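As stored in input.cif (mmCIF, C-alpha atoms):
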data_coords
#
loop_
_atom_site.label_atom_id
_atom_site.label_comp_id
_atom_site.auth_asym_id
_atom_site.auth_seq_id
_atom_site.Cartn_x
_atom_site.Cartn_y
_atom_site.Cartn_z
CA MET A 1 12.82 19.02 3.74
CA THR A 2 13.05 16.76 6.70
CA ALA A 3 11.41 13.44 6.10
CA THR A 4 10.85 11.11 8.98
CA ARG A 5 11.34 7.41 8.86
CA ILE A 6 8.51 5.62 10.65
CA ASP A 7 8.34 1.87 11.03
CA ARG A 8 5.22 0.35 9.46
CA GLY A 9 5.34 -3.18 10.69
CA SER A 10 8.77 -4.52 9.77
CA THR A 11 9.21 -8.28 9.93
CA ASP A 12 12.29 -10.33 10.85
CA THR A 13 13.46 -10.21 7.27
CA THR A 14 11.91 -7.13 5.69
CA ALA A 15 12.16 -3.56 6.86
CA ILE A 16 8.91 -1.76 6.12
CA TYR A 17 8.78 1.93 6.81
CA SER A 18 7.46 5.20 5.53
CA ASP A 19 9.57 8.21 4.74
CA GLY A 20 7.68 11.32 3.77
CA GLY A 21 5.10 10.28 1.19
CA ASP A 22 6.91 7.03 0.38
CA LEU A 23 6.26 3.52 1.66
CA ILE A 24 9.48 1.50 1.58
CA PHE A 25 10.28 -2.22 1.67
CA GLU A 26 13.87 -3.33 2.18
CA ARG A 27 15.27 -6.83 2.17
CA THR A 28 18.60 -8.48 1.43
CA PHE A 29 18.45 -11.64 -0.65
CA ASP A 30 21.10 -14.31 -0.59
CA ALA A 31 21.67 -14.27 -4.35
CA PRO A 32 23.82 -12.32 -6.81
CA ILE A 33 22.39 -9.13 -8.27
CA GLU A 34 22.00 -10.58 -11.79
CA LYS A 35 19.74 -13.33 -10.48
CA VAL A 36 17.59 -10.87 -8.58
CA TRP A 37 17.39 -8.62 -11.62
CA LYS A 38 16.25 -11.58 -13.68
CA ALA A 39 13.64 -12.51 -11.09
CA PHE A 40 12.13 -9.03 -11.42
CA THR A 41 12.37 -8.66 -15.19
CA ASP A 42 12.10 -12.11 -16.77
CA PRO A 43 8.45 -13.01 -17.58
CA GLU A 44 9.25 -16.66 -16.90
CA ALA A 45 10.64 -15.91 -13.44
CA VAL A 46 7.95 -13.52 -12.20
CA PRO A 47 5.17 -16.14 -11.72
CA HIS A 48 7.47 -18.07 -9.39
CA TRP A 49 7.32 -15.45 -6.69
CA TRP A 50 5.21 -12.39 -7.47
CA GLY A 51 2.07 -11.89 -5.40
CA LYS A 52 0.73 -12.97 -2.05
CA HIS A 53 0.82 -16.53 -0.77
CA GLY A 54 -1.81 -18.63 -2.45
CA THR A 55 -1.98 -16.50 -5.58
CA THR A 56 -0.93 -17.40 -9.10
CA THR A 57 0.47 -14.76 -11.40
CA ILE A 58 0.02 -14.78 -15.16
CA VAL A 59 2.24 -12.39 -17.08
CA THR A 60 0.34 -11.18 -20.13
CA GLU A 61 2.56 -8.28 -21.10
CA MET A 62 6.08 -7.33 -20.08
CA ASP A 63 8.15 -5.05 -22.22
CA VAL A 64 11.10 -4.13 -20.02
CA ARG A 65 12.27 -0.83 -21.47
CA PRO A 66 11.33 2.79 -20.87
CA GLY A 67 7.82 3.33 -22.20
CA GLY A 68 7.16 -0.43 -22.32
CA LYS A 69 3.96 -1.76 -20.77
CA TRP A 70 3.44 -4.55 -18.26
CA ARG A 71 0.35 -6.43 -17.12
CA TYR A 72 0.00 -9.27 -14.65
CA ILE A 73 -3.14 -11.17 -13.75
CA SER A 74 -3.29 -12.31 -10.15
CA ARG A 75 -5.47 -15.36 -9.60
CA ALA A 76 -6.67 -16.83 -6.30
CA ALA A 77 -9.21 -19.49 -5.48
CA ASP A 78 -11.25 -17.25 -3.21
CA ARG A 79 -11.70 -14.19 -5.39
CA ASP A 80 -12.01 -12.89 -8.93
CA ASP A 81 -8.88 -12.21 -10.96
CA VAL A 82 -7.16 -8.91 -10.24
CA GLU A 83 -5.12 -7.17 -12.90
CA PHE A 84 -2.03 -5.14 -12.13
CA TYR A 85 -0.53 -3.07 -14.88
CA GLY A 86 1.55 -0.07 -15.73
CA GLU A 87 4.46 1.25 -17.66
CA TYR A 88 8.21 1.08 -17.26
CA LEU A 89 9.55 4.58 -16.71
CA GLU A 90 13.26 3.89 -16.17
CA VAL A 91 15.23 0.69 -16.69
CA ASP A 92 18.85 0.31 -15.61
CA PRO A 93 19.93 -3.36 -15.55
CA PRO A 94 20.83 -4.77 -13.09
CA HIS A 95 20.62 -1.79 -10.75
CA GLY A 96 16.92 -1.21 -10.80
CA PHE A 97 13.87 0.11 -12.53
CA LYS A 98 10.97 2.44 -12.01
CA TRP A 99 7.47 1.65 -13.19
CA THR A 100 3.90 2.65 -12.52
CA PHE A 101 1.98 0.10 -10.47
CA MET A 102 -1.75 0.35 -11.10
CA PHE A 103 -4.88 -1.61 -10.34
CA ASP A 104 -8.57 -0.87 -10.65
CA VAL A 105 -10.71 -0.36 -7.60
CA ASP A 106 -14.46 -0.90 -7.99
CA GLY A 107 -16.28 2.36 -8.21
CA VAL A 108 -13.10 4.39 -7.98
CA GLY A 109 -11.10 3.58 -11.09
CA PRO A 110 -7.36 3.14 -11.53
CA MET A 111 -5.35 3.51 -8.34
CA GLY A 112 -1.68 3.15 -7.52
CA GLY A 113 1.37 5.14 -8.41
CA PRO A 114 5.03 4.94 -9.31
CA GLU A 115 7.28 2.35 -7.71
CA THR A 116 11.07 2.31 -7.70
CA HIS A 117 13.02 -0.91 -7.24
CA VAL A 118 16.70 -0.50 -6.46
CA LEU A 119 19.09 -3.47 -6.43
CA GLU A 120 22.47 -3.21 -4.70
CA ASP A 121 25.28 -5.71 -4.54
CA VAL A 122 26.24 -6.23 -0.92
CA GLY A 123 29.19 -8.62 -0.89
CA GLY A 124 27.57 -11.12 -3.22
CA LYS A 125 24.12 -10.72 -1.74
CA THR A 126 21.57 -8.30 -3.09
CA LYS A 127 19.74 -5.62 -1.19
CA VAL A 128 16.42 -4.68 -2.74
CA THR A 129 14.72 -1.44 -1.83
CA SER A 130 11.22 -1.11 -3.22
CA THR A 131 9.56 2.24 -2.79
CA TRP A 132 5.95 3.10 -3.39
CA HIS A 133 5.70 6.80 -4.11
CA MET A 134 2.27 7.18 -2.72
CA GLY A 135 2.17 10.94 -2.66
CA SER A 136 2.13 13.51 0.08
CA VAL A 137 3.08 12.87 3.69
CA GLU A 138 -0.50 13.72 4.62
CA VAL A 139 -1.90 11.08 2.34
CA LEU A 140 0.37 8.34 3.61
CA GLU A 141 0.04 9.44 7.21
CA GLY A 142 -3.71 9.44 6.91
CA ALA A 143 -3.78 5.95 5.48
CA LEU A 144 -1.34 4.49 7.93
CA SER A 145 -2.20 6.38 11.11
CA THR A 146 -1.63 4.23 14.11
CA GLY A 147 -4.85 2.71 15.25
CA MET A 148 -6.62 3.71 12.06
CA VAL A 149 -5.42 0.79 10.08
CA GLU A 150 -5.31 -1.86 12.73
CA GLY A 151 -7.51 -2.45 15.76
CA ALA A 152 -9.76 0.54 15.41
CA LEU A 153 -11.35 -0.71 12.24
CA GLU A 154 -12.67 -3.82 13.84
CA THR A 155 -14.21 -1.69 16.52
CA TRP A 156 -15.79 0.43 13.87
CA ASP A 157 -17.03 -2.59 12.02
CA ARG A 158 -18.77 -3.71 15.15
CA LEU A 159 -20.09 -0.24 15.72
CA ALA A 160 -21.41 -0.06 12.18
CA ALA A 161 -23.14 -3.40 12.61
CA LEU A 162 -24.64 -2.19 15.85
CA LEU A 163 -25.87 1.02 14.26
CA ALA A 164 -27.32 -0.85 11.32
CA ALA A 165 -29.14 -3.20 13.69
CA GLY A 166 -30.44 -0.32 15.80
CA MET B 1 -19.07 16.40 -9.27
CA MET B 2 -15.74 16.26 -7.57
CA ASN B 3 -12.61 16.26 -9.63
CA THR B 4 -10.57 14.34 -7.11
CA ASP B 5 -11.13 10.64 -6.69
CA PRO B 6 -12.91 9.44 -3.53
CA LEU B 7 -9.81 7.88 -2.00
CA SER B 8 -7.85 11.13 -2.26
CA THR B 9 -10.72 12.89 -0.55
CA THR B 10 -10.65 10.30 2.21
CA PHE B 11 -6.88 10.55 2.58
CA ALA B 12 -7.03 14.31 2.79
CA ALA B 13 -9.76 14.13 5.40
CA LEU B 14 -7.68 11.71 7.48
CA ALA B 15 -4.54 13.80 7.25
CA ASP B 16 -5.57 16.14 10.03
CA PRO B 17 -5.06 15.09 13.67
CA THR B 18 -8.18 16.90 14.89
CA ARG B 19 -10.29 15.08 12.35
CA ARG B 20 -8.75 11.76 13.34
CA ALA B 21 -9.55 12.54 16.97
CA ILE B 22 -13.14 13.32 15.99
CA LEU B 23 -13.41 9.98 14.24
CA ALA B 24 -11.94 8.20 17.23
CA ARG B 25 -14.55 9.87 19.45
CA LEU B 26 -17.34 8.86 17.07
CA ALA B 27 -16.07 5.31 17.06
CA VAL B 28 -17.47 4.91 20.57
CA GLY B 29 -20.85 6.38 19.72
CA GLU B 30 -22.65 9.25 18.04
CA ALA B 31 -22.27 12.78 19.35
CA THR B 32 -23.57 16.27 18.77
CA VAL B 33 -21.40 19.02 17.34
CA SER B 34 -20.97 20.67 20.73
CA GLU B 35 -20.07 17.36 22.34
CA LEU B 36 -17.45 16.90 19.65
CA ALA B 37 -16.12 20.41 20.15
CA ALA B 38 -15.77 20.03 23.92
CA PRO B 39 -12.40 18.22 24.12
CA PHE B 40 -10.83 20.60 21.62
CA ASP B 41 -9.99 24.16 22.29
CA MET B 42 -11.96 25.14 19.26
CA SER B 43 -14.97 27.21 18.31
CA LEU B 44 -18.13 25.60 16.97
CA PRO B 45 -17.53 27.05 13.50
CA GLY B 46 -14.01 25.62 13.65
CA ILE B 47 -15.33 22.16 14.44
CA SER B 48 -18.06 22.51 11.85
CA LYS B 49 -15.43 23.10 9.20
CA HIS B 50 -13.72 19.84 10.12
CA LEU B 51 -17.03 18.02 10.17
CA LYS B 52 -17.82 19.30 6.70
CA VAL B 53 -14.55 17.83 5.39
CA LEU B 54 -15.31 14.51 7.05
CA GLN B 55 -18.80 14.55 5.66
CA ARG B 56 -17.65 15.27 2.13
CA ALA B 57 -15.32 12.32 2.38
CA GLY B 58 -18.26 10.19 3.44
CA LEU B 59 -16.60 9.39 6.76
CA ILE B 60 -19.39 10.71 8.92
CA GLU B 61 -23.12 11.14 8.62
CA GLN B 62 -25.19 13.76 10.34
CA GLY B 63 -28.76 13.40 11.55
CA ARG B 64 -31.59 15.36 9.99
CA GLN B 65 -33.10 17.15 13.00
CA ALA B 66 -32.51 20.89 12.66
CA GLN B 67 -31.12 21.61 16.12
CA TRP B 68 -29.84 18.37 17.57
CA ARG B 69 -27.88 16.87 14.71
CA PRO B 70 -25.86 13.99 16.04
CA CYS B 71 -22.85 12.87 14.00
CA ARG B 72 -22.03 9.27 13.49
CA LEU B 73 -19.20 7.39 11.92
CA ALA B 74 -19.55 5.93 8.43
CA PRO B 75 -16.78 3.35 8.39
CA GLU B 76 -17.01 2.23 4.76
CA PRO B 77 -14.51 4.61 3.08
CA LEU B 78 -12.10 4.14 5.94
CA ARG B 79 -12.22 0.40 5.63
CA GLU B 80 -11.63 0.76 1.92
CA VAL B 81 -8.55 2.93 2.35
CA ALA B 82 -7.02 0.95 5.16
CA GLY B 83 -7.76 -2.29 3.35
CA TRP B 84 -6.21 -1.03 0.19
CA VAL B 85 -2.97 0.05 1.86
CA GLU B 86 -2.80 -3.13 3.90
CA GLN B 87 -3.27 -5.26 0.77
CA TYR B 88 -0.42 -3.43 -0.84
CA ARG B 89 1.82 -3.85 2.20
CA ARG B 90 1.09 -7.56 2.35
CA HIS B 91 1.62 -7.91 -1.36
CA TRP B 92 5.27 -6.88 -1.10
CA GLU B 93 5.90 -8.47 2.26
CA GLU B 94 4.76 -11.85 0.95
CA SER B 95 6.26 -11.43 -2.51
CA PHE B 96 9.65 -10.82 -0.88
CA GLU B 97 9.15 -13.97 1.15
CA ARG B 98 8.44 -15.96 -1.98
CA LEU B 99 11.26 -14.28 -3.89
CA SER B 100 13.69 -15.33 -1.20
CA ASP B 101 12.50 -18.95 -1.46
CA TYR B 102 12.63 -18.84 -5.23
CA LEU B 103 16.18 -17.46 -5.29
CA GLY B 104 17.18 -20.08 -2.73
CA ASP B 105 15.84 -22.81 -5.01
CA LEU B 106 17.78 -21.40 -7.95
CA GLN B 107 20.98 -21.42 -5.92
CA ASP B 108 20.37 -25.01 -4.84
CA GLN B 109 19.88 -26.13 -8.42
CA GLN B 110 23.29 -24.82 -9.28
CA ARG B 111 26.52 -26.48 -8.40
CA PRO B 112 29.05 -24.33 -6.62
CA LYS B 113 31.33 -22.95 -9.29
CA GLY B 114 34.56 -22.14 -7.49
CA ASP B 115 35.86 -18.60 -7.76
CA ASP B 116 34.61 -17.66 -11.21
CA ASP B 117 31.47 -15.64 -10.83
CA ASP B 118 31.61 -13.56 -14.00
CA SER B 119 29.41 -15.96 -15.89
CA ASP B 120 26.69 -13.81 -17.40
CA GLN B 121 24.92 -16.75 -19.01
CA ASP B 122 24.79 -19.24 -16.21
CA ARG B 123 21.29 -20.43 -17.02
CA GLN B 124 19.51 -20.75 -20.27
CA GLY B 125 17.70 -17.48 -20.79
#

Please render this file's structure as structure tokens.
Amino acid sequence: MTATRIDRGSTDTTAIYSDGGDLIFERTFDAPIEKVWKAFTDPEAVPHWWGKHGTTTIVTEMDVRPGGKWRYISRAADRDDVEFYGEYLEVDPPHGFKWTFMFDVDGVGPMGGPETHVLEDVGGKTKVTSTWHMGSVEVLEGALSTGMVEGALETWDRLAALLAAG
Amino acid sequence: MMNTDPLSTTFAALADPTRRAILARLAVGEATVSELAAPFDMSLPGISKHLKVLQRAGLIEQGRQAQWRPCRLAPEPLREVAGWVEQYRRHWEESFERLSDYLGDLQDQQRPKGDDDDSDQDRQG
């Protein structure tokens, strides 16, 4: 099996790439591994950082052990609440955990999949590798095809509007 | 009814380079099956097979006229898929940004402790 690593819009601080059917986020944090572990697994810490800018996270359930459930509500001023939820599959403090990351899409049902978060001590700093196991290469490739995700869609939006008007 | 969920169907439809090329062609305007087949070294039945997959995924629509049945792009499922993946990507990109700030704040709150870093209960838990 030869998987290929393809950049998917890395930033200055975070490497974002796909490898086979996985989407991977990698960043080194200037903090000891125990602190980072706590940030990921302490219900009091999670709302301080989890979610996009401008969102508030409410932890309603968080049972950090294999088989334990988790549920976060993500709140933002400009939209309805979104719930993320799942189950812890593997827990290995402070080296990482694996859980299912799910959310409901209107008219589709539950979507998502397993995520693995690996924490590594790198000379006092902590490297976090978060991997979304999205599925097959084809699935990920299809979703992230160059031009599909970015510019082309706007073109298609305009086209759709034009067609609708015609 | 299909067993697979609509997004999987869309993903599968997008996985093929020929089908992506067909969509790219349709993005600039509707086209007949033979017009779509022209750039590819492919028979009409071959192209029709691809079109059927795209149609099942709701990515294209085909006109009703029996002979001249132009295909056109239906961007909705595509927007949904791309939007979904992009949301996810941004979720972690921005969460990591915030996590870095949060961890930085924690470090600031703490006085430097010399060379003892075995303390497993450095904050109230």

What lies within 8 Å of region 22-37 of chain B using only C-alpha atoms, ignoring chain neighbours under 3 positions off, as JSON, numbers by chain?
-> {"A": [155, 156, 159], "B": [18, 19, 40, 41, 42, 43, 44, 47, 48, 68, 69, 70, 71, 72, 73]}

For the file shown, report as number ranges by chain the outcome of the PyMOL selection byres ((chain B) within 9 of (chain A)) at residue level.
-> B: 5-8, 10-17, 20, 24, 27-29, 73-76, 78-79, 81-83, 85-86, 89-104, 106-107, 120, 125

For the structure provided, state which residues fall under the PyMOL selection byres ((chain A and resi 57) around 6), and present them as an MDAnalysis selection string.
-> chainID A and resid 47 56 58 73:74

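For the file shown, the residue list from the PyMOL selection byres ((chain A and resi 70) around 10) reads Pro43, Val59, Thr60, Glu61, Met62, Asp63, Val64, Gly67, Gly68, Lys69, Arg71, Tyr72, Phe84, Tyr85, Gly86, Glu87, Tyr88, Trp99, Thr100 and Phe101 of chain A.
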
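Note that CA of Pro77 (chain B) and CA of Asp80 (chain A) are 21.4 Å apart.
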
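The interatomic distance for the pair CA of Thr4 (chain A) and CA of Asp19 (chain A) works out to 5.3 Å.
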
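Across the structure, CA of Phe97 (chain A) and CA of Tyr17 (chain A) are spaced 20.1 Å apart.
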